[in-house]
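Visitor: Below is run_32.txt; it holds compact mmCIF, N, CA and C atoms and all ligand atoms.
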# COMPACT_ATOMS: atom_id res chain seq x y z
N MET V 1 0.83 -1.20 0.00
CA MET V 1 0.00 0.00 0.00
C MET V 1 0.87 1.24 0.00
N HIS V 2 0.38 2.25 -0.75
CA HIS V 2 1.02 3.56 -0.73
C HIS V 2 -0.01 4.56 -0.21
N ALA V 3 0.46 5.66 0.34
CA ALA V 3 -0.46 6.70 0.81
C ALA V 3 -1.22 7.28 -0.38
N CYS V 4 -0.56 7.29 -1.55
CA CYS V 4 -1.16 7.86 -2.75
C CYS V 4 -0.63 7.12 -3.96
N ARG V 5 -1.48 6.91 -4.97
CA ARG V 5 -1.02 6.18 -6.16
C ARG V 5 -0.24 7.08 -7.11
N LYS V 6 -0.21 8.38 -6.84
CA LYS V 6 0.43 9.31 -7.76
C LYS V 6 1.91 9.55 -7.48
N PHE V 7 2.41 9.08 -6.37
CA PHE V 7 3.84 9.23 -6.09
C PHE V 7 4.27 8.15 -5.11
N PRO V 8 5.57 7.79 -5.12
CA PRO V 8 6.04 6.73 -4.23
C PRO V 8 5.84 7.12 -2.76
N SER V 9 4.99 6.37 -2.07
CA SER V 9 4.67 6.70 -0.68
C SER V 9 4.32 5.41 0.07
N TYR V 10 5.25 4.48 -0.01
CA TYR V 10 5.03 3.14 0.53
C TYR V 10 4.71 3.14 2.03
N LEU V 11 3.66 2.40 2.39
CA LEU V 11 3.27 2.30 3.80
C LEU V 11 3.40 0.88 4.34
N GLY V 12 3.20 -0.11 3.49
CA GLY V 12 3.27 -1.49 3.98
C GLY V 12 2.69 -2.47 2.98
N ASN V 13 2.86 -3.75 3.30
CA ASN V 13 2.41 -4.84 2.43
C ASN V 13 1.21 -5.54 3.08
N LEU V 14 0.08 -5.55 2.36
CA LEU V 14 -1.14 -6.16 2.90
C LEU V 14 -1.04 -7.67 3.09
N HIS V 15 -0.04 -8.29 2.49
CA HIS V 15 0.17 -9.72 2.70
C HIS V 15 0.87 -9.99 4.03
N ARG V 16 1.44 -8.93 4.60
CA ARG V 16 2.17 -9.11 5.86
C ARG V 16 1.55 -8.36 7.04
N ARG V 17 0.75 -7.31 6.73
CA ARG V 17 0.13 -6.51 7.80
C ARG V 17 -1.33 -6.28 7.46
N SER V 18 -2.14 -6.04 8.45
CA SER V 18 -3.56 -5.80 8.19
C SER V 18 -3.77 -4.37 7.69
N LEU V 19 -4.88 -4.18 6.98
CA LEU V 19 -5.24 -2.84 6.51
C LEU V 19 -5.36 -1.90 7.70
N TRP V 20 -5.94 -2.38 8.78
CA TRP V 20 -6.10 -1.57 10.00
C TRP V 20 -4.75 -1.07 10.49
N ASP V 21 -3.78 -1.98 10.59
CA ASP V 21 -2.45 -1.61 11.09
C ASP V 21 -1.76 -0.61 10.18
N ILE V 22 -1.89 -0.83 8.87
CA ILE V 22 -1.23 0.08 7.93
C ILE V 22 -1.91 1.44 7.95
N TYR V 23 -3.25 1.44 7.91
CA TYR V 23 -3.98 2.71 7.87
C TYR V 23 -3.71 3.55 9.12
N TRP V 24 -3.64 2.93 10.28
CA TRP V 24 -3.45 3.67 11.53
C TRP V 24 -1.99 3.74 11.97
N SER V 25 -1.08 3.41 11.05
CA SER V 25 0.35 3.46 11.40
C SER V 25 0.82 4.91 11.54
N GLU V 26 1.94 5.05 12.22
CA GLU V 26 2.55 6.37 12.39
C GLU V 26 2.90 6.97 11.02
N ALA V 27 3.40 6.12 10.12
CA ALA V 27 3.79 6.60 8.78
C ALA V 27 2.58 7.15 8.03
N ALA V 28 1.44 6.46 8.11
CA ALA V 28 0.24 6.93 7.42
C ALA V 28 -0.23 8.26 8.01
N GLU V 29 -0.12 8.39 9.31
CA GLU V 29 -0.53 9.63 9.98
C GLU V 29 0.30 10.81 9.50
N VAL V 30 1.59 10.59 9.26
CA VAL V 30 2.46 11.66 8.76
C VAL V 30 1.96 12.15 7.40
N TYR V 31 1.55 11.23 6.53
CA TYR V 31 0.99 11.64 5.23
C TYR V 31 -0.32 12.40 5.43
N ARG V 32 -1.17 11.94 6.34
CA ARG V 32 -2.46 12.61 6.56
C ARG V 32 -2.28 14.02 7.09
N GLN V 33 -1.21 14.26 7.82
CA GLN V 33 -1.01 15.60 8.39
C GLN V 33 -0.61 16.63 7.34
N GLY V 34 -0.09 16.17 6.20
CA GLY V 34 0.30 17.10 5.15
C GLY V 34 1.57 17.84 5.49
N PRO V 35 1.96 18.78 4.63
CA PRO V 35 3.22 19.49 4.84
C PRO V 35 3.18 20.46 6.01
N SER V 36 4.31 20.61 6.66
CA SER V 36 4.37 21.52 7.81
C SER V 36 4.12 22.96 7.39
N ALA V 37 4.40 23.30 6.13
CA ALA V 37 4.18 24.68 5.65
C ALA V 37 2.71 25.08 5.69
N CYS V 38 1.81 24.12 5.75
CA CYS V 38 0.38 24.42 5.76
C CYS V 38 -0.17 24.66 7.17
N ARG V 39 0.61 24.32 8.18
CA ARG V 39 0.11 24.49 9.56
C ARG V 39 -0.15 25.97 9.81
N GLY V 40 -1.25 26.25 10.41
CA GLY V 40 -1.60 27.64 10.69
C GLY V 40 -2.48 28.25 9.61
N CYS V 41 -2.58 27.58 8.47
CA CYS V 41 -3.45 28.09 7.41
C CYS V 41 -4.90 27.81 7.80
N ARG V 42 -5.77 28.75 7.54
CA ARG V 42 -7.18 28.59 7.89
C ARG V 42 -7.85 27.47 7.09
N LEU V 43 -7.29 27.14 5.94
CA LEU V 43 -7.87 26.08 5.10
C LEU V 43 -7.28 24.71 5.38
N TYR V 44 -6.42 24.62 6.38
CA TYR V 44 -5.69 23.37 6.66
C TYR V 44 -6.61 22.16 6.78
N ALA V 45 -7.73 22.30 7.46
CA ALA V 45 -8.63 21.16 7.70
C ALA V 45 -9.22 20.58 6.41
N VAL V 46 -9.30 21.38 5.37
CA VAL V 46 -9.94 20.91 4.14
C VAL V 46 -9.00 20.89 2.94
N CYS V 47 -7.77 21.35 3.09
CA CYS V 47 -6.89 21.45 1.92
C CYS V 47 -5.59 20.66 2.11
N ARG V 48 -4.59 21.27 2.69
CA ARG V 48 -3.24 20.68 2.89
C ARG V 48 -2.51 20.48 1.58
N GLY V 49 -2.99 21.06 0.51
CA GLY V 49 -2.33 20.92 -0.77
C GLY V 49 -2.37 19.50 -1.27
N CYS V 50 -1.60 19.25 -2.32
CA CYS V 50 -1.52 17.90 -2.89
C CYS V 50 -0.09 17.40 -2.72
N LEU V 51 0.09 16.36 -1.93
CA LEU V 51 1.43 15.84 -1.66
C LEU V 51 2.09 15.33 -2.93
N ALA V 52 1.31 14.76 -3.85
CA ALA V 52 1.88 14.25 -5.10
C ALA V 52 2.40 15.40 -5.96
N VAL V 53 1.68 16.49 -6.01
CA VAL V 53 2.14 17.65 -6.78
C VAL V 53 3.43 18.19 -6.16
N ILE V 54 3.46 18.28 -4.85
CA ILE V 54 4.65 18.77 -4.16
C ILE V 54 5.85 17.88 -4.48
N ALA V 55 5.65 16.57 -4.37
CA ALA V 55 6.75 15.62 -4.61
C ALA V 55 7.22 15.66 -6.06
N THR V 56 6.30 15.73 -7.01
CA THR V 56 6.71 15.70 -8.42
C THR V 56 7.35 17.01 -8.87
N HIS V 57 7.26 18.04 -8.05
CA HIS V 57 7.99 19.28 -8.32
C HIS V 57 9.36 19.28 -7.63
N GLY V 58 9.74 18.12 -7.08
CA GLY V 58 11.06 18.01 -6.45
C GLY V 58 11.12 18.62 -5.07
N LEU V 59 9.96 18.89 -4.49
CA LEU V 59 9.92 19.48 -3.15
C LEU V 59 9.64 18.39 -2.13
N ASN V 60 9.72 18.74 -0.87
CA ASN V 60 9.49 17.79 0.22
C ASN V 60 8.01 17.80 0.61
N PRO V 61 7.28 16.69 0.38
CA PRO V 61 5.84 16.68 0.65
C PRO V 61 5.49 16.78 2.14
N PHE V 62 6.48 16.60 2.99
CA PHE V 62 6.20 16.70 4.43
C PHE V 62 6.51 18.09 4.98
N GLU V 63 7.14 18.91 4.16
CA GLU V 63 7.53 20.24 4.63
C GLU V 63 7.03 21.38 3.73
N ASP V 64 7.18 21.22 2.43
CA ASP V 64 6.95 22.34 1.52
C ASP V 64 5.49 22.49 1.10
N ARG V 65 5.11 23.72 0.81
CA ARG V 65 3.74 24.02 0.38
C ARG V 65 3.55 23.63 -1.09
N ASP V 66 2.37 23.24 -1.43
CA ASP V 66 1.98 22.94 -2.81
C ASP V 66 2.30 24.18 -3.68
N PRO V 67 3.07 24.01 -4.77
CA PRO V 67 3.41 25.17 -5.60
C PRO V 67 2.19 25.85 -6.22
N PHE V 68 1.05 25.18 -6.25
CA PHE V 68 -0.16 25.80 -6.79
C PHE V 68 -1.05 26.41 -5.71
N CYS V 69 -0.55 26.44 -4.50
CA CYS V 69 -1.29 27.08 -3.40
C CYS V 69 -1.45 28.56 -3.71
N PRO V 70 -2.66 29.09 -3.51
CA PRO V 70 -2.87 30.52 -3.77
C PRO V 70 -2.21 31.38 -2.69
N GLY V 71 -1.69 30.75 -1.65
CA GLY V 71 -1.06 31.49 -0.56
C GLY V 71 -1.73 31.11 0.72
N PRO V 72 -0.97 30.98 1.80
CA PRO V 72 -1.58 30.58 3.07
C PRO V 72 -2.64 31.59 3.51
N VAL V 73 -3.73 31.08 4.04
CA VAL V 73 -4.83 31.92 4.49
C VAL V 73 -4.80 32.00 6.01
N SER V 74 -4.70 33.21 6.53
CA SER V 74 -4.65 33.34 8.01
C SER V 74 -5.94 33.92 8.54
S1 LIG W 101 -4.36 26.99 1.00
FE1 LIG W 101 -2.14 26.61 0.72
S2 LIG W 101 -1.23 26.85 2.78
FE2 LIG W 101 -3.46 26.59 3.03
S3 LIG W 101 -3.75 24.38 3.41
FE3 LIG W 101 -4.01 24.77 1.19
S4 LIG W 101 -1.98 24.41 0.28
FE4 LIG W 101 -1.70 24.67 2.49
Would you mind giving the structure from this file in structure tokens?
Ligand code: SF4

Guide:
Amino acid sequence: MHACRKFPSYLGNLHRRSLWDIYWSEAAEVYRQGPSACRGCRLYAVCRGCLAVIATHGLNPFEDRDPFCPGPVS
């Protein structure tokens, strides 16, 4: 399983771990939290950008903001 099919984001193998364990793993939670650059944005709960877009632009999906973000909303 990957967090997203659009970029390499391996979480685990369903032949060796249950879906429950993989879905609720610490690694999966990191993907769900989105990039740290989005923290504090008023749209964080519904947006967090697109991690695949961030990664395919050569940026860090856990830190950098989506390059198509209109700008953080405070
Ligand atoms: S609007 Fe921009 S800063 Fe705010 S959550 Fe979305 S991508 Fe992140």

Visitor: Set the cut-off to 6.5 Å, count only N, CA and C atoms and all ligand atoms, and list whatever residues fall near ligand LIG 101 (chain W) as a PyMOL selection string.

Guide: chain V and resi 37-39+41-50+65-66+68-73

Visitor: Please write the residues from the selection above to a file, keeping N, CA and C atoms, as a CSV table (one decimal), in the coordinates of the input.

Guide:
chain,number,residue,atom,x,y,z
V,37,ALA,N,4.4,23.3,6.1
V,37,ALA,CA,4.2,24.7,5.6
V,37,ALA,C,2.7,25.1,5.7
V,38,CYS,N,1.8,24.1,5.8
V,38,CYS,CA,0.4,24.4,5.8
V,38,CYS,C,-0.2,24.7,7.2
V,39,ARG,N,0.6,24.3,8.2
V,39,ARG,CA,0.1,24.5,9.6
V,39,ARG,C,-0.2,26.0,9.8
V,41,CYS,N,-2.6,27.6,8.5
V,41,CYS,CA,-3.4,28.1,7.4
V,41,CYS,C,-4.9,27.8,7.8
V,42,ARG,N,-5.8,28.8,7.5
V,42,ARG,CA,-7.2,28.6,7.9
V,42,ARG,C,-7.8,27.5,7.1
V,43,LEU,N,-7.3,27.1,5.9
V,43,LEU,CA,-7.9,26.1,5.1
V,43,LEU,C,-7.3,24.7,5.4
V,44,TYR,N,-6.4,24.6,6.4
V,44,TYR,CA,-5.7,23.4,6.7
V,44,TYR,C,-6.6,22.2,6.8
V,45,ALA,N,-7.7,22.3,7.5
V,45,ALA,CA,-8.6,21.2,7.7
V,45,ALA,C,-9.2,20.6,6.4
V,46,VAL,N,-9.3,21.4,5.4
V,46,VAL,CA,-9.9,20.9,4.1
V,46,VAL,C,-9.0,20.9,2.9
V,47,CYS,N,-7.8,21.4,3.1
V,47,CYS,CA,-6.9,21.4,1.9
V,47,CYS,C,-5.6,20.7,2.1
V,48,ARG,N,-4.6,21.3,2.7
V,48,ARG,CA,-3.2,20.7,2.9
V,48,ARG,C,-2.5,20.5,1.6
V,49,GLY,N,-3.0,21.1,0.5
V,49,GLY,CA,-2.3,20.9,-0.8
V,49,GLY,C,-2.4,19.5,-1.3
V,50,CYS,N,-1.6,19.2,-2.3
V,50,CYS,CA,-1.5,17.9,-2.9
V,50,CYS,C,-0.1,17.4,-2.7
V,65,ARG,N,5.1,23.7,0.8
V,65,ARG,CA,3.7,24.0,0.4
V,65,ARG,C,3.6,23.6,-1.1
V,66,ASP,N,2.4,23.2,-1.4
V,66,ASP,CA,2.0,22.9,-2.8
V,66,ASP,C,2.3,24.2,-3.7
V,68,PHE,N,1.0,25.2,-6.2
V,68,PHE,CA,-0.2,25.8,-6.8
V,68,PHE,C,-1.0,26.4,-5.7
V,69,CYS,N,-0.6,26.4,-4.5
V,69,CYS,CA,-1.3,27.1,-3.4
V,69,CYS,C,-1.4,28.6,-3.7
V,70,PRO,N,-2.7,29.1,-3.5
V,70,PRO,CA,-2.9,30.5,-3.8
V,70,PRO,C,-2.2,31.4,-2.7
V,71,GLY,N,-1.7,30.8,-1.6
V,71,GLY,CA,-1.1,31.5,-0.6
V,71,GLY,C,-1.7,31.1,0.7
V,72,PRO,N,-1.0,31.0,1.8
V,72,PRO,CA,-1.6,30.6,3.1
V,72,PRO,C,-2.6,31.6,3.5
V,73,VAL,N,-3.7,31.1,4.0
V,73,VAL,CA,-4.8,31.9,4.5
V,73,VAL,C,-4.8,32.0,6.0

Visitor: Using only N, CA and C atoms, which protein or nucleic acid residues come within 8 Å of Ala52 in chain V? Drop anything in the same chain fewer than 6 positions from it, and give the result as a PyMOL selection string.

Guide: chain V and resi 4-8+58+61

Visitor: Can you list, as a list in words, every protein, DNA or RNA residue that comes within 7 Å of range 1-3 of chain V when you count only C-alpha atoms, leaving out same-chain residues fewer than 3 positions away?

Guide: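 Selected residues are Pro8, Ser9, Tyr10, Leu11, Gly12, Asn13, Leu14, Ala28 and Tyr31 of chain V.
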
Visitor: Quick one, how far is CA of Gly34 in chain V from CA of Asp64 in chain V?

Guide: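 Separation of CA of Gly34 in chain V and CA of Asp64 in chain V: 9.2 Å.
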
Visitor: One number please: CA of Ser74 in chain V to CA of Glu26 in chain V, in Å, one decimal.

Guide: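 These two atoms are separated by 28.3 Å.
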
Visitor: Quick one: pick out all helix (DSSP H, G or I) residues within chain V from a backbone DSSP run and write them as a list of chain:residue names.

Guide: V:Leu19, V:Trp20, V:Asp21, V:Ile22, V:Tyr23, V:Glu26, V:Ala27, V:Ala28, V:Glu29, V:Val30, V:Tyr31, V:Arg32, V:Gln33, V:Ser36, V:Ala37, V:Cys38, V:Leu51, V:Ala52, V:Val53, V:Ile54, V:Ala55, V:Thr56

Visitor: Using only C-alpha atoms, find the one residue out of V:His15, V:Gln33, V:Pro67, V:Ser25 that sits nearest to Ile54 in chain V.

Guide: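 Nearest to Ile54 in chain V: V:Pro67.
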
Visitor: So what do you get for atom C of Phe62 in chain V versus atom C of Ala27 in chain V, distance-wise?

Guide: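 Atom-to-atom, atom C of Phe62 in chain V to atom C of Ala27 in chain V, that is 12.0 Å.
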
Visitor: Pick out the closest residue to Ser36 in chain V from this set: V:Trp24, V:Val53, V:Asn60, V:Arg16. Count all atoms listed in the file.

Guide: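 Of V:Trp24, V:Val53, V:Asn60, V:Arg16, the one nearest Ser36 in chain V, counting all atoms listed in the file, is V:Asn60.
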